[in-house]
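**Student:** First the structure, which I've put down as structure tokens, then a few questions once you've had a look.
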Amino acid sequence: SVLSRYENQITILSDYLEEFPETDEPVWILGRQHHLNTDKSKLLLDISARLWFTYRRKFSPIGGTGPSSDAGWGCMLRCGQMMLAQALICRHLGRDWQWEKQKKQPEEYHRILRCFLDRKDCCYSIHQMAQMGVGEGKSIGEWFGPNTVAQVLKKLALFDEWNSLAVYVSMDNTVVIEDIKKMCWSPAQSSSVAHSSAHLHRSALGQNKNTAGWCPGWKPLLLIIPLRLGINHINPVYIDAFKECFKMPQSLGALGGKPNNAYYFIGFLGNELIYLDPHTTQSFVDSEENGTVDDESFHCQQAPHRMKIMNLDPSVALGFFCKEECDFDNWCSLVQKEILKQQSLRMFELVQKHPPHWPPFIPPTKPEVTTTGAELIESTDKLFELEEEFEILSV
């Protein structure tokens with residue numbers, strides 16, 4: 001009955017756009033400006049091109065005996081997948097890439113999709129994310145917050161050689177330029193870490209084996225900034241700065257929503273946020289023998305949802321992608337100009353040097369995952385060996 005209700009409520013995006021208010025204000029979608037009066041069709045294509053991950057059912061049980069659906073608990077994990085997928089689209093296909101229904105897509109596109117299929121051997125699957133969350137104190141089947149998802153993505157990215165991302169999650173509302181450049185310019189991993197990572201790919205993440213090998217240079221940056229923009233409600237003083245983030249060409253949107261109800265925010269119109277909603281349950285989709293993926297259910301072809309910014313829960317996480325160092329330098333300039341220009345409460349801080357009272361910054365090399373908070377698991381391979389010891393919570 002729930003599914004039929006969703007299906008009956010589906011509205012074609014072009015029709016829904018007629019319901020937008022009559023306004024000359026631009027719509028901003030992940031760093032791109034659209035005008036309702038002149039380019040509604042471009043807005044339609046831009047929104048539908050984003051990869052849309054929702055609840056799924058009938059996938060293999062997580063951990064072998066756990067849940068075979070993430071309905072009711074996986075919405076923030078799905079939003080994290082959407083933000084990361086947008087980064088990978090920008091990395092391999094570019095921000096201007098567009099998706100069209102039943103049109104042949106490049107191999108990189110299908111390879112990106114395969115990273116997120118609901119299988120334990122896909123590097124950013126619901127299986128991998130839920131199990132890696134155990135190390136963050138989240139039992140399988142438990143709801144995640146924005147910061148927990150960010151920490152999980154940071155750890156899983158260490159095993160993803162093909163995309164080779166540097167994932168930086170800010171601490172204490174502070175982004176440290178020195179630390180980011182140290183991480184993105186860090187030399188090739190040590191042989192032991194590289195061997196561990198390569199072994200993981202052979203066994204669990206084989207679809208995304210790196211063909212280029214380790215090479216020096218700037219590693220594309222996924223920057224996630226978890227924030228608390230108020231106590232019980234968002235503080236209005238942050239609204240303008242929050243909206244400015246969606247205008248930046250590096251924008252990956254924001255994770256957030258309402259308590260236990262996560263959404264992926266991709267833009268805004270006036271004081272309303274536009275978001276993709278993961279709360280639709282679809283059946284598991286696997287890749288074909290030739291490696292392609294039937295992708296229609298991974299693109300939202302229905303009405304984009306909107307909500308007033310003031311209804312947003314104050315716990316959010318901003319995302320940005322910087323493919324080159326110049327992109328990061330440009331982002332820093334925009335933050336200084338647009339975010340930090342106000343002398344009132346700042347949404348976050350951007351500092352040049354590592355704060356002296358903080359522990360030394362060491363670029364991450366491999367995940368630290370625990371089962372009970374005490375036992376260290378050296379790699380996700382070891383994690384799979386210990387699956388039977390987990391107390392799987394089925395929801």
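Residues in the structure tokens are numbered from 1 in each chain, the chains being A, B, ... in the order shown, and ligands are numbered from 1 in the order shown.
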How close does region 315-349 of chain A get to region 164-187 of chain A? List, as a tab-separated table, each residue of region 315-349 of chain A within 12 Å, its nearest atom pair and the distance in Å to one decimal, counting only C-alpha atoms.

**Tutor:**
residue	atom	partner	partner_atom	distance
A:Ser315	CA	A:Asn173	CA	12.0
A:Val316	CA	A:Asn173	CA	11.5
A:Ala317	CA	A:Val169	CA	9.5
A:Leu318	CA	A:Val169	CA	9.9
A:Gly319	CA	A:Val169	CA	9.4
A:Phe320	CA	A:Tyr168	CA	10.0
A:Phe321	CA	A:Val167	CA	9.5
A:Cys322	CA	A:Ala166	CA	9.9
A:Lys323	CA	A:Leu165	CA	9.2
A:Glu324	CA	A:Cys184	CA	9.5
A:Glu325	CA	A:Lys181	CA	8.2
A:Cys326	CA	A:Lys181	CA	11.3
A:Phe328	CA	A:Ile177	CA	9.1
A:Asp329	CA	A:Ile177	CA	9.1
A:Trp331	CA	A:Ile177	CA	10.8
A:Cys332	CA	A:Ile177	CA	8.3
A:Ser333	CA	A:Ile177	CA	11.6
A:Val335	CA	A:Val175	CA	10.7
A:Gln336	CA	A:Val175	CA	11.9
A:Leu345	CA	A:Asn173	CA	12.0
A:Arg346	CA	A:Asn173	CA	9.4
A:Met347	CA	A:Asn173	CA	7.6
A:Phe348	CA	A:Asn173	CA	4.8
A:Glu349	CA	A:Thr174	CA	4.7

**Student:** Please identify the strand (DSSP E or B) residues within region 316-348 of chain A (assignment by DSSP from backbone atoms) and present them as a PyMOL selection string.

**Tutor:** chain A and resi 316-322

**Student:** Please dump the current selection as a CSV table (one decimal), in the first residue's frame; keep N, CA, C and O atoms.

**Tutor:**
chain,number,residue,atom,x,y,z
A,316,VAL,N,23.5,19.3,9.9
A,316,VAL,CA,23.7,19.1,8.5
A,316,VAL,C,25.1,18.8,8.2
A,316,VAL,O,26.0,18.9,9.0
A,317,ALA,N,25.4,18.4,6.9
A,317,ALA,CA,26.8,18.2,6.5
A,317,ALA,C,26.8,18.8,5.0
A,317,ALA,O,26.1,18.3,4.2
A,318,LEU,N,27.7,19.8,4.8
A,318,LEU,CA,27.9,20.3,3.5
A,318,LEU,C,28.9,19.5,2.7
A,318,LEU,O,29.9,19.0,3.4
A,319,GLY,N,28.8,19.4,1.4
A,319,GLY,CA,29.7,18.7,0.6
A,319,GLY,C,30.3,19.5,-0.5
A,319,GLY,O,29.5,20.3,-1.1
A,320,PHE,N,31.6,19.3,-0.8
A,320,PHE,CA,32.2,20.0,-1.9
A,320,PHE,C,33.2,19.1,-2.6
A,320,PHE,O,33.8,18.2,-1.9
A,321,PHE,N,33.4,19.3,-3.9
A,321,PHE,CA,34.3,18.5,-4.7
A,321,PHE,C,35.3,19.4,-5.4
A,321,PHE,O,34.9,20.3,-6.1
A,322,CYS,N,36.6,19.1,-5.2
A,322,CYS,CA,37.7,19.9,-5.9
A,322,CYS,C,38.6,18.9,-6.6
A,322,CYS,O,39.4,18.2,-6.0

**Student:** Once DSSP has gone over the backbone, tell me which residues of region 22-188 of chain A are in alpha helix (DSSP H), as number ranges by chain.

**Tutor:** A: 40-48, 75-92, 107-114, 126-132, 146-157, 177-184

**Student:** Per residue of region 282-358 of chain A within 7 Å of region 39-58 of chain A, record the nearest atom pair and its distance in Å to one decimal, counting only C-alpha atoms, with rows in chain order and ascending residue number, as JSON lines.

**Tutor:**
{"residue": "A:Gln282", "atom": "CA", "partner": "A:Arg56", "partner_atom": "CA", "distance": 4.8}
{"residue": "A:Ser283", "atom": "CA", "partner": "A:Arg57", "partner_atom": "CA", "distance": 5.0}
{"residue": "A:Phe284", "atom": "CA", "partner": "A:Arg56", "partner_atom": "CA", "distance": 5.6}
{"residue": "A:Phe298", "atom": "CA", "partner": "A:Trp52", "partner_atom": "CA", "distance": 4.9}
{"residue": "A:His299", "atom": "CA", "partner": "A:Trp52", "partner_atom": "CA", "distance": 5.0}
{"residue": "A:Cys300", "atom": "CA", "partner": "A:Ser48", "partner_atom": "CA", "distance": 5.4}
{"residue": "A:Gln301", "atom": "CA", "partner": "A:Ser48", "partner_atom": "CA", "distance": 5.8}

**Student:** Report as a PyMOL selection string all protein, DNA and RNA residues lying within 7 Å of Pro304 (chain A), evaluated on only C-alpha atoms, omitting residues in the same chain fewer than 2 positions from it.

**Tutor:** chain A and resi 274-276+302+306

**Student:** Using only C-alpha atoms, which protein or nucleic acid residues come within 8 Å of Gln131 (chain A)? Drop anything in the same chain fewer than 3 positions from it, and give the result as a short mmCIF file (atom, residue, chain, number, x, y, z; two decimals) with N, CA, C and O atoms, in the first residue's frame.

**Tutor:**
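Now in part.cif:
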data_model
loop_
_atom_site.label_atom_id
_atom_site.label_comp_id
_atom_site.auth_asym_id
_atom_site.auth_seq_id
_atom_site.Cartn_x
_atom_site.Cartn_y
_atom_site.Cartn_z
N GLY A 63 25.66 -9.00 6.04
CA GLY A 63 26.37 -9.87 6.97
C GLY A 63 25.93 -11.32 6.89
O GLY A 63 26.36 -12.14 7.71
N HIS A 127 25.71 -2.54 2.12
CA HIS A 127 26.38 -3.55 2.95
C HIS A 127 27.68 -2.99 3.53
O HIS A 127 27.92 -3.09 4.74
N GLN A 128 28.49 -2.42 2.67
CA GLN A 128 29.78 -1.88 3.12
C GLN A 128 29.57 -0.74 4.11
O GLN A 128 30.26 -0.66 5.14
N VAL A 134 29.63 0.08 12.02
CA VAL A 134 29.80 -0.58 13.31
C VAL A 134 30.98 0.04 14.07
O VAL A 134 30.94 0.23 15.28
N GLY A 135 32.03 0.40 13.33
CA GLY A 135 33.18 1.04 13.93
C GLY A 135 32.90 2.44 14.44
O GLY A 135 33.69 3.00 15.21
N ILE A 140 24.10 -2.48 12.85
CA ILE A 140 23.47 -2.63 11.54
C ILE A 140 21.96 -2.53 11.69
O ILE A 140 21.36 -3.22 12.51
N LEU A 383 36.92 -7.69 8.59
CA LEU A 383 35.56 -7.42 8.99
C LEU A 383 34.62 -8.50 8.51
O LEU A 383 33.76 -8.99 9.25
#

**Student:** Within 12 Å of His233 (chain A), counting only C-alpha atoms, which residues qualify if same-chain residues fewer than 4 places away don't, as a VMD selection string?

**Tutor:** chain A and resid 228 to 229 237 to 239 257 to 259 309 to 316

**Student:** Could you take the residues named above and write them with all heavy atoms, as a compact mmCIF listing (two decimals), in the first residue's frame?

**Tutor:**
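The resulting again.txt:
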# COMPACT_ATOMS: atom_id res chain seq x y z
N ARG A 228 26.43 22.14 13.04
CA ARG A 228 25.24 22.29 13.87
C ARG A 228 24.84 23.75 13.79
O ARG A 228 25.52 24.63 14.34
CB ARG A 228 25.54 21.88 15.32
CG ARG A 228 24.33 21.88 16.22
CD ARG A 228 23.53 20.58 16.08
NE ARG A 228 22.27 20.66 16.81
CZ ARG A 228 21.36 19.69 16.81
NH1 ARG A 228 21.58 18.59 16.12
NH2 ARG A 228 20.25 19.82 17.49
N LEU A 229 23.76 24.04 13.08
CA LEU A 229 23.39 25.42 12.78
C LEU A 229 22.32 25.97 13.72
O LEU A 229 21.53 26.83 13.35
CB LEU A 229 22.90 25.51 11.33
CG LEU A 229 23.90 25.07 10.27
CD1 LEU A 229 23.31 25.21 8.88
CD2 LEU A 229 25.20 25.87 10.38
N VAL A 237 20.46 33.38 11.31
CA VAL A 237 21.67 34.10 10.93
C VAL A 237 22.52 33.30 9.94
O VAL A 237 23.33 33.87 9.21
CB VAL A 237 22.50 34.44 12.20
CG1 VAL A 237 23.19 33.20 12.75
CG2 VAL A 237 23.52 35.54 11.91
N TYR A 238 22.30 31.98 9.86
CA TYR A 238 23.09 31.14 8.97
C TYR A 238 22.49 30.98 7.57
O TYR A 238 23.13 30.41 6.69
CB TYR A 238 23.26 29.74 9.57
CG TYR A 238 24.03 29.69 10.86
CD1 TYR A 238 23.44 29.18 12.03
CD2 TYR A 238 25.35 30.12 10.94
CE1 TYR A 238 24.15 29.11 13.22
CE2 TYR A 238 26.06 30.06 12.13
CZ TYR A 238 25.45 29.55 13.27
OH TYR A 238 26.15 29.50 14.44
N ILE A 239 21.27 31.41 7.38
CA ILE A 239 20.55 31.06 6.15
C ILE A 239 21.25 31.56 4.90
O ILE A 239 21.43 30.81 3.92
CB ILE A 239 19.10 31.58 6.22
CG1 ILE A 239 18.30 30.73 7.22
CG2 ILE A 239 18.44 31.53 4.84
CD1 ILE A 239 16.85 31.16 7.39
N GLY A 257 17.94 17.09 6.92
CA GLY A 257 16.53 16.77 6.88
C GLY A 257 15.84 17.10 8.17
O GLY A 257 15.94 18.20 8.70
N LYS A 258 15.15 16.10 8.68
CA LYS A 258 14.45 16.20 9.95
C LYS A 258 14.87 15.01 10.80
O LYS A 258 15.45 14.05 10.27
CB LYS A 258 12.93 16.21 9.72
CG LYS A 258 12.45 17.36 8.85
CD LYS A 258 10.97 17.24 8.53
CE LYS A 258 10.52 18.36 7.60
NZ LYS A 258 9.09 18.25 7.23
N PRO A 259 14.61 15.02 12.11
CA PRO A 259 15.05 13.89 12.95
C PRO A 259 14.61 12.54 12.37
O PRO A 259 13.42 12.32 12.09
CB PRO A 259 14.37 14.18 14.29
CG PRO A 259 14.26 15.67 14.33
CD PRO A 259 13.97 16.08 12.92
N ILE A 309 13.60 26.47 4.40
CA ILE A 309 14.89 26.33 5.08
C ILE A 309 14.70 26.31 6.59
O ILE A 309 15.37 25.56 7.31
CB ILE A 309 15.85 27.46 4.67
CG1 ILE A 309 16.22 27.34 3.19
CG2 ILE A 309 17.12 27.44 5.52
CD1 ILE A 309 17.16 28.42 2.69
N MET A 310 13.77 27.09 7.11
CA MET A 310 13.58 27.16 8.55
C MET A 310 13.04 25.87 9.15
O MET A 310 13.07 25.68 10.35
CB MET A 310 12.66 28.33 8.91
CG MET A 310 13.32 29.70 8.78
SD MET A 310 14.82 29.86 9.78
CE MET A 310 14.15 29.67 11.43
N ASN A 311 12.55 24.96 8.30
CA ASN A 311 12.07 23.66 8.79
C ASN A 311 13.18 22.62 8.84
O ASN A 311 12.96 21.48 9.24
CB ASN A 311 10.94 23.14 7.92
CG ASN A 311 9.69 23.98 8.06
OD1 ASN A 311 9.49 24.66 9.07
ND2 ASN A 311 8.82 23.96 7.05
N LEU A 312 14.39 23.01 8.42
CA LEU A 312 15.52 22.08 8.37
C LEU A 312 16.04 21.81 9.77
O LEU A 312 16.18 22.73 10.59
CB LEU A 312 16.62 22.70 7.52
CG LEU A 312 17.92 21.90 7.31
CD1 LEU A 312 17.64 20.68 6.46
CD2 LEU A 312 18.97 22.79 6.65
N ASP A 313 16.33 20.55 10.06
CA ASP A 313 16.99 20.22 11.32
C ASP A 313 18.38 20.87 11.32
O ASP A 313 19.06 20.88 10.28
CB ASP A 313 17.12 18.70 11.46
CG ASP A 313 17.69 18.29 12.81
OD1 ASP A 313 16.90 18.12 13.75
OD2 ASP A 313 18.92 18.15 12.91
N PRO A 314 18.83 21.43 12.45
CA PRO A 314 20.11 22.15 12.44
C PRO A 314 21.34 21.28 12.23
O PRO A 314 22.42 21.81 11.98
CB PRO A 314 20.14 22.83 13.82
CG PRO A 314 19.19 22.05 14.66
CD PRO A 314 18.14 21.54 13.75
N SER A 315 21.21 19.97 12.30
CA SER A 315 22.36 19.09 12.07
C SER A 315 22.46 18.76 10.59
O SER A 315 21.60 18.05 10.04
CB SER A 315 22.21 17.80 12.90
OG SER A 315 23.30 16.94 12.68
N VAL A 316 23.51 19.27 9.93
CA VAL A 316 23.67 19.09 8.49
C VAL A 316 25.13 18.77 8.18
O VAL A 316 26.00 18.86 9.04
CB VAL A 316 23.24 20.35 7.70
CG1 VAL A 316 21.78 20.68 7.94
CG2 VAL A 316 24.14 21.54 8.06

**Student:** Considering only C-alpha atoms, return as a list in words whatever protein or nucleic-acid residues lie within 10 Å of Arg95 (chain A), sequence-local ones (same chain, fewer than 6 positions apart) excluded.

**Tutor:**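 The residues satisfying every condition are Leu30, Gly31, Arg32, Asp46, Gln86, Ala87, Leu88, Ile89, Pro249 and Gln250 of chain A.
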
**Student:** What separation in Å, quoted to one decimal, exists between CA of Leu269 (chain A) and CA of Gln81 (chain A)?

**Tutor:** 24.0 Å

**Student:** If you count only C-alpha atoms, which residues fall within 12 Å of Gln151 (chain A), apart from same-chain ones fewer than 6 positions away, as number ranges by chain?

**Tutor:** A: 77, 80, 129-130, 132-138, 144-145, 157-158, 167-171, 222-226, 317, 364, 367-369

**Student:** Report, in Å with one decimal, the straight-line distance from CA of Lys243 (chain A) to CA of Leu273 (chain A).

**Tutor:** 8.7 Å

**Student:** Which residue is closest to His92 (chain A)? Choose from A:Lys247, A:Lys154, A:Arg111, A:His34 and count only C-alpha atoms.

**Tutor:**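 Among the listed residues, A:Arg111 lies closest to His92 (chain A).
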
**Student:** Between CA of Thr280 (chain A) and CA of Gln33 (chain A), measure the distance and give it in Å to one decimal.

**Tutor:**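 We find that CA of Thr280 (chain A) and CA of Gln33 (chain A) lie 28.0 Å from each other.
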
**Student:** Just checking: using only C-alpha atoms, which residue out of A:Ser344, A:Asn260, A:Thr148, A:Asn290 ends up closest to Ala241 (chain A)?

**Tutor:** A:Ser344

**Student:** Which one of A:Phe242, A:Phe116, A:Phe361, A:Phe159 sits closest to Met82 (chain A) if you count only C-alpha atoms?

**Tutor:**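 Going through A:Phe242, A:Phe116, A:Phe361, A:Phe159 one by one, the smallest distance to Met82 (chain A) is for A:Phe116.
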